[in-house]
$ cat start28.csv   # CSV, C-alpha atoms
chain,number,residue,atom,x,y,z
Q,286,MET,CA,10.7,-5.6,16.1
Q,287,ILE,CA,8.8,-8.8,16.6
Q,288,LYS,CA,6.4,-7.9,13.8
Q,289,LYS,CA,9.3,-7.1,11.5
Q,290,LEU,CA,10.8,-10.5,12.2
Q,291,PHE,CA,7.4,-12.1,11.3
Q,292,PHE,CA,7.6,-10.5,7.8
Q,293,GLU,CA,11.3,-11.2,7.4
Q,294,SER,CA,10.8,-14.9,8.1
Q,295,HIS,CA,7.8,-15.2,5.8
Q,296,ALA,CA,9.3,-13.3,2.8
Q,297,PRO,CA,10.8,-16.3,1.0
Q,298,LYS,CA,7.4,-18.1,0.9
Q,299,TRP,CA,5.2,-15.0,0.8
Q,300,ASP,CA,4.1,-15.6,-2.8
Q,301,ASN,CA,2.8,-19.0,-1.9
Q,302,PHE,CA,-0.1,-17.3,-0.2
Q,303,THR,CA,-1.1,-15.4,-3.4
Q,304,LYS,CA,-4.4,-16.7,-4.7
Q,305,GLU,CA,-4.6,-17.9,-8.3
Q,306,ASP,CA,-7.0,-15.2,-9.4
Q,307,THR,CA,-5.1,-12.3,-7.7
Q,308,PRO,CA,-3.2,-11.1,-10.8
Q,309,GLU,CA,-6.4,-11.0,-12.8
Q,310,ARG,CA,-8.2,-9.1,-10.0
Q,311,ILE,CA,-5.3,-6.6,-9.8
Q,312,SER,CA,-5.6,-6.0,-13.5
Q,313,ASN,CA,-9.4,-5.8,-13.6
Q,314,GLU,CA,-10.3,-4.2,-10.2
Q,315,LEU,CA,-7.3,-2.3,-8.8
Q,316,ILE,CA,-5.6,-0.8,-11.8
Q,317,PRO,CA,-8.7,1.0,-13.0
Q,318,LEU,CA,-9.2,2.3,-9.5
Q,319,PHE,CA,-5.7,3.8,-9.4
Q,320,ASP,CA,-6.4,5.8,-12.6
Q,321,ILE,CA,-2.7,6.1,-13.3
Q,322,LYS,CA,-1.5,8.5,-16.0
Q,323,GLU,CA,1.5,8.0,-18.2
Q,324,ASN,CA,4.8,9.0,-16.5
Q,325,GLU,CA,3.2,9.6,-13.1
Q,326,SER,CA,5.5,9.0,-10.1
Q,327,ILE,CA,4.2,6.2,-7.9
Q,328,LEU,CA,5.1,5.0,-4.3
Q,329,ASP,CA,4.1,1.4,-3.6
Q,330,ALA,CA,4.0,1.6,0.2
Q,331,GLY,CA,4.3,-1.7,1.9
Q,332,CYS,CA,5.1,-3.4,-1.4
Q,333,GLY,CA,5.9,-6.8,0.0
Q,334,THR,CA,7.4,-9.0,-2.7
Q,335,GLY,CA,6.3,-6.5,-5.3
Q,336,ILE,CA,3.2,-8.1,-6.8
Q,337,LEU,CA,1.9,-4.7,-8.0
Q,338,LEU,CA,5.1,-3.5,-9.7
Q,339,PRO,CA,4.7,-4.9,-13.3
Q,340,PHE,CA,1.1,-3.7,-13.3
Q,341,LEU,CA,2.1,-0.2,-12.2
Q,342,ARG,CA,4.9,-0.2,-14.9
Q,343,GLN,CA,2.4,-1.2,-17.6
Q,344,SER,CA,0.1,1.6,-16.5
Q,345,ALA,CA,2.6,4.4,-16.0
Q,346,GLY,CA,5.1,3.6,-18.8
Q,347,GLU,CA,8.7,2.7,-19.0
Q,348,LYS,CA,10.0,6.2,-18.1
Q,349,ALA,CA,7.8,6.6,-14.9
Q,350,ARG,CA,9.5,6.6,-11.5
Q,351,ILE,CA,8.1,3.7,-9.4
Q,352,THR,CA,9.4,3.3,-5.9
Q,353,ALA,CA,8.8,0.1,-3.8
Q,354,LEU,CA,8.9,0.7,-0.1
Q,355,ASP,CA,8.9,-2.0,2.6
Q,356,TYR,CA,10.4,-2.2,6.1
Q,357,SER,CA,11.3,-5.9,5.6
Q,358,VAL,CA,14.7,-6.2,3.9
Q,359,SER,CA,13.8,-9.7,2.8
Q,360,MET,CA,10.6,-8.6,1.1
Q,361,ILE,CA,12.5,-5.9,-0.8
Q,362,ASN,CA,15.2,-8.5,-1.8
Q,363,GLU,CA,12.5,-10.9,-3.1
Q,364,ALA,CA,10.9,-8.0,-5.1
Q,365,ARG,CA,14.2,-7.1,-6.6
Q,366,LYS,CA,15.0,-10.7,-7.5
Q,367,LYS,CA,11.7,-11.0,-9.3
Q,368,TYR,CA,11.5,-7.7,-11.1
Q,369,GLY,CA,15.0,-6.4,-11.5
Q,370,ASP,CA,16.5,-2.9,-11.4
Q,371,GLY,CA,13.8,-1.0,-13.3
Q,372,TYR,CA,12.3,0.2,-10.0
Q,373,GLU,CA,13.6,2.1,-7.0
Q,374,TYR,CA,13.7,-0.2,-3.9
Q,375,ILE,CA,13.8,1.2,-0.4
Q,376,SER,CA,13.9,-0.7,2.8
Q,377,GLY,CA,12.3,1.7,5.3
Q,378,ASP,CA,9.6,2.4,7.7
Q,379,ALA,CA,6.4,4.1,6.4
Q,380,HIS,CA,6.2,5.9,9.7
Q,381,ASN,CA,9.3,7.9,8.7
Q,382,ILE,CA,9.7,7.8,4.9
Q,383,LYS,CA,13.3,8.9,4.0
Q,384,LEU,CA,12.1,10.7,0.8
Q,385,PRO,CA,11.6,14.4,0.0
Q,386,ASP,CA,8.4,16.3,0.3
Q,387,GLU,CA,6.1,16.3,-2.7
Q,388,SER,CA,7.8,13.4,-4.5
Q,389,PHE,CA,4.9,11.4,-5.9
Q,390,ASP,CA,1.7,11.8,-7.9
Q,391,ILE,CA,0.1,8.8,-6.2
Q,392,VAL,CA,0.8,6.6,-3.2
Q,393,ILE,CA,-0.7,3.1,-3.3
Q,394,CYS,CA,-0.9,1.0,-0.2
Q,395,PHE,CA,-2.0,-2.5,-1.1
Q,396,CYS,CA,-2.5,-5.2,1.6
Q,397,ALA,CA,-0.3,-3.3,4.1
Q,398,PHE,CA,-2.3,-0.6,5.9
Q,399,PRO,CA,-3.5,-2.8,8.8
Q,400,HIS,CA,0.2,-3.6,9.8
Q,401,PHE,CA,1.1,0.1,10.5
Q,402,ASP,CA,1.0,0.7,14.3
Q,403,ASP,CA,0.5,4.4,14.2
Q,404,LYS,CA,-1.9,4.9,11.2
Q,405,LYS,CA,-2.2,8.6,11.6
Q,406,LYS,CA,1.5,9.1,11.5
Q,407,VAL,CA,1.8,6.9,8.4
Q,408,LEU,CA,-1.1,8.9,6.7
Q,409,GLY,CA,0.8,12.1,7.5
Q,410,GLU,CA,3.9,10.7,5.8
Q,411,PHE,CA,1.9,9.7,2.8
Q,412,ASN,CA,0.5,13.2,2.6
Q,413,ARG,CA,4.0,14.7,3.0
Q,414,VAL,CA,5.5,12.8,0.1
Q,415,LEU,CA,2.5,13.5,-2.2
Q,416,LYS,CA,2.5,16.4,-4.6
Q,417,PRO,CA,-0.3,18.9,-4.3
Q,418,LYS,CA,-3.5,17.2,-5.3
Q,419,GLY,CA,-1.7,13.9,-5.2
Q,420,ARG,CA,-3.8,10.8,-4.7
Q,421,LEU,CA,-3.8,8.1,-2.0
Q,422,VAL,CA,-5.3,4.7,-2.5
Q,423,ILE,CA,-5.5,2.1,0.2
Q,424,ALA,CA,-6.8,-1.2,-1.1
Q,425,HIS,CA,-7.4,-4.9,-0.4
Q,426,LEU,CA,-8.8,-7.8,-2.4
Q,427,ALA,CA,-11.0,-8.8,0.6
Q,428,SER,CA,-13.5,-7.1,2.8
Q,429,ARG,CA,-12.5,-5.2,5.9
Q,430,LYS,CA,-14.1,-7.8,8.2
Q,431,ARG,CA,-12.4,-10.7,6.5
Q,432,ILE,CA,-9.0,-9.0,6.8
Q,433,ASN,CA,-9.5,-8.1,10.4
Q,434,ASP,CA,-10.7,-11.6,11.3
Q,435,TYR,CA,-7.9,-13.2,9.3
Q,436,HIS,CA,-5.2,-11.3,11.2
Q,437,LYS,CA,-6.9,-12.1,14.5
Q,438,ASN,CA,-6.9,-15.8,13.7
Q,439,ILE,CA,-3.2,-15.8,12.6
Q,440,GLY,CA,-2.4,-14.4,16.0
Q,441,HIS,CA,1.3,-13.7,16.9
Q,442,SER,CA,2.4,-10.2,16.2
Q,443,VAL,CA,-0.3,-9.4,13.6
Q,444,SER,CA,-3.3,-10.3,15.7
Q,445,ASN,CA,-4.3,-6.7,16.3
Q,446,ASP,CA,-3.5,-5.5,12.8
Q,447,THR,CA,-6.8,-4.1,11.5
Q,448,ILE,CA,-8.4,-1.7,9.1
Q,449,PRO,CA,-10.2,1.0,11.1
Q,450,GLY,CA,-14.0,1.3,10.9
Q,451,ASN,CA,-15.2,3.6,8.1
Q,452,GLN,CA,-16.0,6.7,10.3
Q,453,LEU,CA,-12.6,6.5,12.0
Q,454,MET,CA,-10.8,5.9,8.7
Q,455,LEU,CA,-12.5,9.0,7.2
Q,456,LYS,CA,-11.6,11.0,10.3
Q,457,LEU,CA,-7.9,9.9,10.2
Q,458,LEU,CA,-7.7,10.9,6.5
Q,459,ALA,CA,-9.2,14.3,7.1
Q,460,GLU,CA,-6.9,15.0,10.1
Q,461,SER,CA,-3.9,13.9,8.0
Q,462,GLY,CA,-4.6,16.5,5.3
Q,463,PHE,CA,-6.7,14.6,2.8
Q,464,ARG,CA,-10.0,15.6,1.2
Q,465,GLU,CA,-12.7,14.0,-1.0
Q,466,ALA,CA,-12.1,10.7,0.9
Q,467,SER,CA,-14.3,7.8,0.0
Q,468,ILE,CA,-14.5,4.2,1.0
Q,469,ILE,CA,-15.6,1.4,-1.3
Q,470,GLU,CA,-16.7,-1.9,0.3
Q,471,LYS,CA,-18.2,-4.9,-1.2
Q,472,GLY,CA,-18.1,-8.7,-0.5
Q,473,ASN,CA,-14.4,-9.3,-1.4
Q,474,PHE,CA,-13.0,-5.8,-1.8
Q,475,TYR,CA,-12.0,-2.8,0.3
Q,476,ALA,CA,-10.6,0.5,-0.9
Q,477,SER,CA,-10.1,4.0,0.4
Q,478,LYS,CA,-9.4,6.9,-2.0
Q,479,SER,CA,-8.5,10.5,-1.2
Q,480,ILE,CA,-6.7,13.5,-2.5
Q,481,LYS,CA,-4.0,15.7,-0.7
Q,482,ASN,CA,-5.3,19.0,0.3
Q,483,GLN,CA,-3.8,21.9,-1.6
Q,484,ILE,CA,-3.0,25.0,0.5
Q,485,GLU,CA,-4.1,28.0,-1.5

$ encode --input "start28.csv" --output "structure tokens"
Amino acid sequence: MIKKLFFESHAPKWDNFTKEDTPERISNELIPLFDIKENESILDAGCGTGILLPFLRQSAGEKARITALDYSVSMINEARKKYGDGYEYISGDAHNIKLPDESFDIVICFCAFPHFDDKKKVLGEFNRVLKPKGRLVIAHLASRKRINDYHKNIGHSVSNDTIPGNQLMLKLLAESGFREASIIEKGNFYASKSIKNQIE
């Protein structure tokens, strides 16, 4: 609850923390990584104030179902104010997503994964709402070390919010029903990509 209050209180000024080059980096680095096809259904998990939404719309097309999920009501309200009713907005917990099985072609988790307390449970929920062979992308426009250090320095309720080490991350993905998992790390970028296992 303390962590939720942290995000609720920061929502109105959240966009002030966005770096000037972030939209360009989303367009040039993230969108190609997502490999979104026209009319694919997308879950933006931990959407914050919705910075990805217009980029996802441009990639998937006007008829695509794009769902923004965040457990902060204030974050969802900020996203809706900015981007209107062309998206589905859900205030809810990624540990228990109130959506049907096999609902999405792709789940994207941008700048949110460290904040989930039970990462294996969240990955299981991502797997559940993905269609067979659906894709999961977890991404940050910073290195894993930088993100982990940043949260530690902020302190408060996010001081222990980290991205797991690569071996643990791959293990969590495999145990949560994902295959072909890979991790991309460079100076100012981190991403994990995987595919939902299909039961033959």

$ closest_residue --input "start28.csv" --among "Q:Lys481, Q:Lys418, Q:His400, Q:Lys298" --to "Asp378 of chain Q" --atoms "all atoms listed in the file"
Q:His400

$ atom_distance --input "start28.csv" --atom1 "atom CA of Asp370 of chain Q" --atom2 "atom CA of Lys322 of chain Q"
21.8 Å

$ closest_atom_pairs --input "start28.csv" --of "segment 381-407 of chain Q" --to "segment 436-446 of chain Q" --cutoff "8 Å" --atoms "all atoms listed in the file" --output "Markdown table"
| residue | atom | partner | partner_atom | distance |
| --- | --- | --- | --- | --- |
| Q:Pro399 | CA | Q:Asp446 | CA | 4.8 |
| Q:His400 | CA | Q:Asp446 | CA | 5.1 |
| Q:Phe401 | CA | Q:Asp446 | CA | 7.6 |
| Q:Asp402 | CA | Q:Asp446 | CA | 7.8 |

$ residues_near_point --input "start28.csv" --point "(-9.0, 7.0, 9.9)" --cutoff "12 Å" --atoms "only C-alpha atoms" --output "PyMOL selection string"
chain Q and resi 398-399+403-409+423+447-463+466-468+477-479

$ residues_around --input "start28.csv" --residues "Lys348 of chain Q" --least-positions-apart "3" --cutoff "10 Å" --atoms "all atoms listed in the file" --output "ChimeraX atom specification"
/Q:323-326,342,345,351,371

$ closest_residue --input "start28.csv" --among "Q:Tyr475, Q:Cys332, Q:Lys304, Q:Leu421" --to "Asp320 of chain Q" --atoms "all atoms listed in the file"
Q:Leu421

$ axis_aligned_box --input "start28.csv" --around "segment 394-402 of chain Q" --padding-each-side "6 Å" --output "JSON"
{"center_x": -1.2, "center_y": -2.1, "center_z": 6.6, "size_x": 16.6, "size_y": 18.2, "size_z": 27.4}

$ atom_distance --input "start28.csv" --atom1 "atom CA of Gly472 of chain Q" --atom2 "atom CA of Leu337 of chain Q"
21.7 Å

$ atom_distance --input "start28.csv" --atom1 "atom CA of Leu338 of chain Q" --atom2 "atom CA of Ile361 of chain Q"
11.8 Å

$ decode --input "start28.csv" --residues "segment 464-480 of chain Q" --atoms "C-alpha atoms" --output "PDB file, in the first residue's frame"
ATOM      1  CA  ARG Q 464      10.605 -20.000 -24.199  1.00  0.00           C
ATOM      2  CA  GLU Q 465      13.239 -18.540 -26.491  1.00  0.00           C
ATOM      3  CA  ALA Q 466      14.006 -15.952 -23.818  1.00  0.00           C
ATOM      4  CA  SER Q 467      16.792 -13.508 -24.540  1.00  0.00           C
ATOM      5  CA  ILE Q 468      18.218 -10.495 -22.766  1.00  0.00           C
ATOM      6  CA  ILE Q 469      19.645  -7.458 -24.508  1.00  0.00           C
ATOM      7  CA  GLU Q 470      21.921  -5.237 -22.449  1.00  0.00           C
ATOM      8  CA  LYS Q 471      23.987  -2.280 -23.515  1.00  0.00           C
ATOM      9  CA  GLY Q 472      25.124   0.985 -21.953  1.00  0.00           C
ATOM     10  CA  ASN Q 473      21.742   2.671 -21.708  1.00  0.00           C
ATOM     11  CA  PHE Q 474      19.315  -0.085 -22.633  1.00  0.00           C
ATOM     12  CA  TYR Q 475      17.855  -3.265 -21.155  1.00  0.00           C
ATOM     13  CA  ALA Q 476      15.298  -5.610 -22.651  1.00  0.00           C
ATOM     14  CA  SER Q 477      14.041  -9.138 -22.228  1.00  0.00           C
ATOM     15  CA  LYS Q 478      12.100 -10.883 -24.998  1.00  0.00           C
ATOM     16  CA  SER Q 479      10.330 -14.236 -24.809  1.00  0.00           C
ATOM     17  CA  ILE Q 480       7.505 -16.247 -26.317  1.00  0.00           C
TER      18      ILE Q 480
END
